[in-house]
file data-v3.cif (mmCIF, C-alpha atoms)
data_run
loop_
_atom_site.label_atom_id
_atom_site.label_comp_id
_atom_site.auth_asym_id
_atom_site.auth_seq_id
_atom_site.Cartn_x
_atom_site.Cartn_y
_atom_site.Cartn_z
CA MET A 1 34.84 -81.24 38.68
CA ARG A 2 34.84 -81.70 34.93
CA SER A 3 37.21 -78.76 34.39
CA ALA A 4 39.69 -80.18 36.94
CA GLY A 5 39.71 -83.46 35.04
CA ARG A 6 40.26 -81.66 31.74
CA ARG A 7 43.06 -79.61 33.26
CA ALA A 8 44.76 -82.77 34.58
CA ALA A 9 44.44 -84.41 31.15
CA ALA A 10 45.89 -81.32 29.44
CA VAL A 11 48.84 -81.24 31.84
CA ALA A 12 49.43 -84.96 31.33
CA ALA A 13 49.32 -84.54 27.54
CA MET A 14 51.77 -81.64 27.72
CA ALA A 15 54.12 -83.69 29.90
CA LEU A 16 53.99 -86.56 27.41
CA ALA A 17 54.64 -84.16 24.54
CA LEU A 18 57.65 -82.73 26.34
CA ALA A 19 58.96 -86.21 27.00
CA GLY A 20 58.76 -86.95 23.28
CA CYS A 21 60.88 -83.89 22.42
CA GLY A 22 63.99 -85.74 23.46
CA MET A 23 63.45 -88.62 21.01
CA GLY A 24 65.87 -89.02 18.14
CA GLY A 25 68.86 -88.02 20.24
CA ASP A 26 70.65 -89.52 23.21
CA SER A 27 67.91 -90.12 25.75
CA SER A 28 70.36 -89.70 28.64
CA ASP A 29 70.76 -86.01 27.72
CA ALA A 30 67.01 -85.36 27.48
CA GLN A 31 65.56 -83.58 30.45
CA GLN A 32 62.86 -85.64 32.12
CA PRO A 33 59.54 -83.84 32.74
CA PRO A 34 58.35 -83.41 36.30
CA GLU A 35 56.01 -86.04 37.65
CA VAL A 36 52.34 -85.09 37.32
CA SER A 37 49.77 -86.01 39.91
CA THR A 38 46.15 -86.70 39.10
CA ILE A 39 45.14 -83.12 39.82
CA GLY A 40 47.84 -81.64 37.60
CA ALA A 41 50.20 -80.31 40.25
CA GLU A 42 53.93 -80.81 39.81
CA THR A 43 55.68 -82.97 42.36
CA PRO A 44 58.85 -81.20 43.45
CA THR A 45 62.09 -83.02 42.77
CA PRO A 46 64.18 -83.24 45.95
CA SER A 47 67.44 -81.32 45.77
CA PRO A 48 70.64 -83.19 46.55
CA THR A 49 72.09 -82.69 49.99
CA PRO A 50 75.60 -81.18 50.16
CA THR A 51 78.42 -83.47 51.09
CA GLU A 52 80.54 -82.79 54.13
CA GLU A 53 83.41 -81.69 51.88
CA SER A 54 81.36 -79.04 50.10
CA ALA A 55 79.60 -77.75 53.21
CA SER A 56 80.80 -74.33 54.22
CA PRO A 57 82.60 -73.97 57.55
CA ASP A 58 80.85 -72.41 60.51
CA ALA A 59 81.18 -68.61 60.23
CA SER A 60 81.90 -68.33 63.96
CA GLU A 61 84.92 -70.67 63.69
CA ASP A 62 88.22 -68.77 64.11
CA PRO A 63 90.60 -69.79 61.30
CA PHE A 64 93.52 -68.49 63.38
CA ALA A 65 92.62 -70.28 66.64
CA ASP A 66 95.99 -72.10 66.67
CA ALA A 67 98.02 -68.96 65.88
CA ALA A 68 100.51 -67.61 68.38
CA ARG A 69 99.07 -64.43 69.81
CA THR A 70 99.87 -62.34 72.82
CA THR A 71 99.65 -58.80 74.11
CA SER A 72 102.46 -56.44 74.88
CA TRP A 73 102.76 -52.92 76.33
CA ALA A 74 105.19 -50.53 74.68
CA SER A 75 106.22 -46.92 74.64
CA ASP A 76 108.49 -44.93 72.36
CA GLU A 77 109.25 -41.24 72.11
CA ALA A 78 108.76 -41.47 68.34
CA MET A 79 105.05 -42.37 68.79
CA LYS A 80 102.97 -39.30 68.01
CA ILE A 81 99.45 -39.80 69.32
CA ASP A 82 97.29 -36.89 70.56
CA LYS A 83 94.93 -36.95 73.56
CA ASP A 84 92.03 -38.03 71.32
CA GLY A 85 93.97 -41.11 70.18
CA ASN A 86 94.87 -39.98 66.68
CA GLY A 87 98.37 -40.10 65.20
CA THR A 88 101.06 -42.53 64.08
CA ILE A 89 103.38 -45.14 65.45
CA PRO A 90 106.49 -45.36 63.25
CA ALA A 91 107.28 -48.68 61.57
CA ALA A 92 110.70 -48.58 63.25
CA SER A 93 109.02 -48.51 66.68
CA LEU A 94 106.78 -51.45 65.76
CA GLU A 95 109.78 -53.40 64.48
CA ALA A 96 111.78 -52.78 67.67
CA ASP A 97 108.79 -53.89 69.76
CA LEU A 98 108.48 -57.10 67.70
CA VAL A 99 112.17 -57.97 68.06
CA ASP A 100 111.91 -57.44 71.83
CA LEU A 101 108.67 -59.41 72.06
CA PHE A 102 109.98 -62.38 70.07
CA ALA A 103 113.14 -62.52 72.17
CA ASN A 104 111.42 -62.15 75.55
CA LYS A 105 108.00 -63.79 75.16
CA PHE A 106 108.48 -66.29 72.32
CA ASP A 107 112.12 -67.07 73.24
CA MET A 108 113.06 -66.82 69.54
CA SER A 109 116.14 -65.30 67.97
CA VAL A 110 115.11 -62.66 65.41
CA LYS A 111 117.32 -61.44 62.58
CA GLU A 112 114.89 -58.76 61.44
CA ALA A 113 111.37 -57.42 61.87
CA LYS A 114 109.90 -55.48 58.97
CA CYS A 115 106.71 -53.41 58.82
CA GLU A 116 106.02 -51.82 55.44
CA GLN A 117 104.56 -48.61 56.86
CA ASP A 118 103.80 -46.64 59.98
CA MET A 119 100.67 -47.58 61.93
CA THR A 120 97.95 -44.97 61.56
CA VAL A 121 96.10 -44.57 64.85
CA THR A 122 92.52 -43.30 64.83
CA ASP A 123 90.48 -43.01 68.03
CA TRP A 124 92.97 -45.29 69.83
CA SER A 125 92.67 -47.95 67.17
CA GLY A 126 95.37 -49.11 64.73
CA PHE A 127 96.41 -52.14 62.75
CA GLU A 128 99.52 -53.06 60.76
CA SER A 129 100.95 -56.13 59.02
CA CYS A 130 104.58 -57.01 59.73
CA ASN A 131 107.10 -59.80 59.07
CA VAL A 132 109.58 -61.32 61.47
CA VAL A 133 112.61 -63.20 60.16
CA ASP A 134 114.53 -65.71 62.26
CA GLU A 135 117.41 -67.96 61.21
CA GLU A 136 115.18 -70.36 59.29
CA MET A 137 112.04 -68.60 58.10
CA THR A 138 109.92 -65.50 57.69
CA TYR A 139 106.74 -65.23 59.77
CA PHE A 140 103.88 -63.03 58.63
CA GLY A 141 101.71 -61.44 61.28
CA THR A 142 99.75 -58.47 62.51
CA ILE A 143 99.97 -55.90 65.25
CA GLU A 144 96.77 -54.29 66.53
CA LEU A 145 96.59 -51.46 69.05
CA ILE A 146 94.03 -52.58 71.64
CA ASP A 147 94.54 -50.32 74.68
CA HIS A 148 96.44 -47.33 76.04
CA LYS A 149 97.41 -45.71 79.32
CA ASP A 150 99.36 -42.45 79.59
CA ASN A 151 102.18 -42.72 77.05
CA MET A 152 101.95 -46.52 76.80
CA VAL A 153 100.06 -48.52 74.18
CA GLU A 154 99.07 -52.16 74.28
CA TYR A 155 99.35 -54.28 71.17
CA GLU A 156 97.86 -57.63 70.32
CA VAL A 157 100.36 -59.48 68.18
CA MET A 158 99.23 -62.48 66.10
CA PHE A 159 101.44 -64.69 63.94
CA PRO A 160 99.47 -67.51 62.25
CA GLY A 161 102.65 -69.30 61.08
CA ILE A 162 103.68 -69.98 64.68
CA ASP A 163 101.61 -72.54 66.58
CA LYS A 164 100.61 -71.24 70.01
CA ASP A 165 101.67 -74.56 71.55
CA ASP A 166 105.23 -74.06 70.28
CA VAL A 167 105.91 -70.84 72.19
CA ASP A 168 106.00 -69.94 75.85
CA PHE A 169 103.73 -67.08 76.79
#
call {"tool": "encode", "arguments": {"input": "data-v3.cif", "output": "structure tokens"}}
result
Amino acid sequence: MRSAGRRAAAVAAMALALAGCGMGGDSSDAQQPPEVSTIGAETPTPSPTPTEESASPDASEDPFADAARTTSWASDEAMKIDKDGNGTIPAASLEADLVDLFANKFDMSVKEAKCEQDMTVTDWSGFESCNVVDEEMTYFGTIELIDHKDNMVEYEVMFPGIDKDDVDF
């Protein structure tokens, strides 16, 4: 019991010595020592709780939940995909499909659709970014190959700049 008392006294003396180190300067900048209990154990200082603004969003939340998205079947003789689902879909084919889709499903007049490159298809999977330009603005979106049957492929098209409530699917 005596050694526990000595240990507590030594810890208390060290804490007081550390507190004195900040003297002579601005006391608001001096770091305060941790509280010491009678048995010499440090009392943890509670950490501040994050505010709602700094809290990170739920990882399962879809940031594109309001984006216009739909699926569309297409076929083109220029698509070169083998029986294993490997090949390419030319950018020109994707662009033609987008112009048709925007006119027929979104009821929007399109001046131009532009995909920077051909879609590479691997094991019946492919993804490409494309732009669609109407009279007033350019919309940035994506085309993803999601299914196939015979010589037809099914795309999922998503354009975050177009609210899903503003178009007629």
call {"tool": "closest_residue", "arguments": {"input": "data-v3.cif", "among": "A:Asp123, A:Asn104, A:Asn151, A:Ser109", "to": "Glu136 (chain A)", "atoms": "all atoms listed in the file"}}
result
A:Ser109
call {"tool": "resolve_selection", "arguments": {"input": "data-v3.cif", "expression": "the PyMOL selection byres ((chain A and resi 117) around 8)", "output": "short mmCIF file (atom, residue, chain, number, x, y, z; two decimals) with C-alpha atoms, in the coordinates of the input"}}
result
data_model
loop_
_atom_site.label_atom_id
_atom_site.label_comp_id
_atom_site.auth_asym_id
_atom_site.auth_seq_id
_atom_site.Cartn_x
_atom_site.Cartn_y
_atom_site.Cartn_z
CA PRO A 90 106.49 -45.36 63.25
CA ALA A 91 107.28 -48.68 61.57
CA CYS A 115 106.71 -53.41 58.82
CA GLU A 116 106.02 -51.82 55.44
CA ASP A 118 103.80 -46.64 59.98
CA MET A 119 100.67 -47.58 61.93
CA GLU A 128 99.52 -53.06 60.76
#
call {"tool": "resolve_selection", "arguments": {"input": "data-v3.cif", "expression": "the PyMOL selection byres ((chain A and resi 101) around 10)", "output": "MDAnalysis selection string"}}
result
chainID A and resid 70:74 95:100 102:108 110 157
call {"tool": "write_last_selection", "arguments": {"input": "data-v3.cif", "atoms": "C-alpha atoms", "output": "PDB file, in the frame of the given file"}}
result
ATOM      1  CA  THR A  70      99.870 -62.340  72.820  1.00  0.00           C
ATOM      2  CA  THR A  71      99.650 -58.800  74.110  1.00  0.00           C
ATOM      3  CA  SER A  72     102.460 -56.440  74.880  1.00  0.00           C
ATOM      4  CA  TRP A  73     102.760 -52.920  76.330  1.00  0.00           C
ATOM      5  CA  ALA A  74     105.190 -50.530  74.680  1.00  0.00           C
ATOM      6  CA  GLU A  95     109.780 -53.400  64.480  1.00  0.00           C
ATOM      7  CA  ALA A  96     111.780 -52.780  67.670  1.00  0.00           C
ATOM      8  CA  ASP A  97     108.790 -53.890  69.760  1.00  0.00           C
ATOM      9  CA  LEU A  98     108.480 -57.100  67.700  1.00  0.00           C
ATOM     10  CA  VAL A  99     112.170 -57.970  68.060  1.00  0.00           C
ATOM     11  CA  ASP A 100     111.910 -57.440  71.830  1.00  0.00           C
ATOM     12  CA  PHE A 102     109.980 -62.380  70.070  1.00  0.00           C
ATOM     13  CA  ALA A 103     113.140 -62.520  72.170  1.00  0.00           C
ATOM     14  CA  ASN A 104     111.420 -62.150  75.550  1.00  0.00           C
ATOM     15  CA  LYS A 105     108.000 -63.790  75.160  1.00  0.00           C
ATOM     16  CA  PHE A 106     108.480 -66.290  72.320  1.00  0.00           C
ATOM     17  CA  ASP A 107     112.120 -67.070  73.240  1.00  0.00           C
ATOM     18  CA  MET A 108     113.060 -66.820  69.540  1.00  0.00           C
ATOM     19  CA  VAL A 110     115.110 -62.660  65.410  1.00  0.00           C
ATOM     20  CA  VAL A 157     100.360 -59.480  68.180  1.00  0.00           C
TER      21      VAL A 157
END
call {"tool": "residues_near_point", "arguments": {"input": "data-v3.cif", "point": "(112.9, -56.9, 62.1)", "cutoff": "6 Å", "atoms": "only C-alpha atoms", "output": "number ranges by chain"}}
result
A: 95, 112-114, 132
call {"tool": "closest_residue", "arguments": {"input": "data-v3.cif", "among": "A:Ile89, A:Ala68, A:Ile143, A:Val153", "to": "Asn131 (chain A)", "atoms": "all atoms listed in the file"}}
result
A:Ile143
call {"tool": "atom_distance", "arguments": {"input": "data-v3.cif", "atom1": "CA of Lys149 (chain A)", "atom2": "CA of Cys130 (chain A)"}}
result
23.7 Å
call {"tool": "closest_residue", "arguments": {"input": "data-v3.cif", "among": "A:Thr88, A:Thr122, A:Ser93, A:Thr142", "to": "Gly161 (chain A)", "atoms": "all atoms listed in the file"}}
result
A:Thr142
call {"tool": "atom_distance", "arguments": {"input": "data-v3.cif", "atom1": "CA of Met152 (chain A)", "atom2": "CA of Ser75 (chain A)"}}
result
4.8 Å
call {"tool": "closest_residue", "arguments": {"input": "data-v3.cif", "among": "A:Ile146, A:Ala65, A:Ile162, A:Met137", "to": "Gly85 (chain A)", "atoms": "only C-alpha atoms"}}
result
A:Ile146
call {"tool": "atom_distance", "arguments": {"input": "data-v3.cif", "atom1": "CA of Tyr139 (chain A)", "atom2": "CA of Asn86 (chain A)"}}
result
28.7 Å
call {"tool": "closest_residue", "arguments": {"input": "data-v3.cif", "among": "A:Gly87, A:Val133, A:Phe140, A:Ser125", "to": "Tyr155 (chain A)", "atoms": "only C-alpha atoms"}}
result
A:Ser125
call {"tool": "closest_residue", "arguments": {"input": "data-v3.cif", "among": "A:Pro63, A:Phe127, A:Ile81, A:Met158", "to": "Gly141 (chain A)", "atoms": "only C-alpha atoms"}}
result
A:Met158
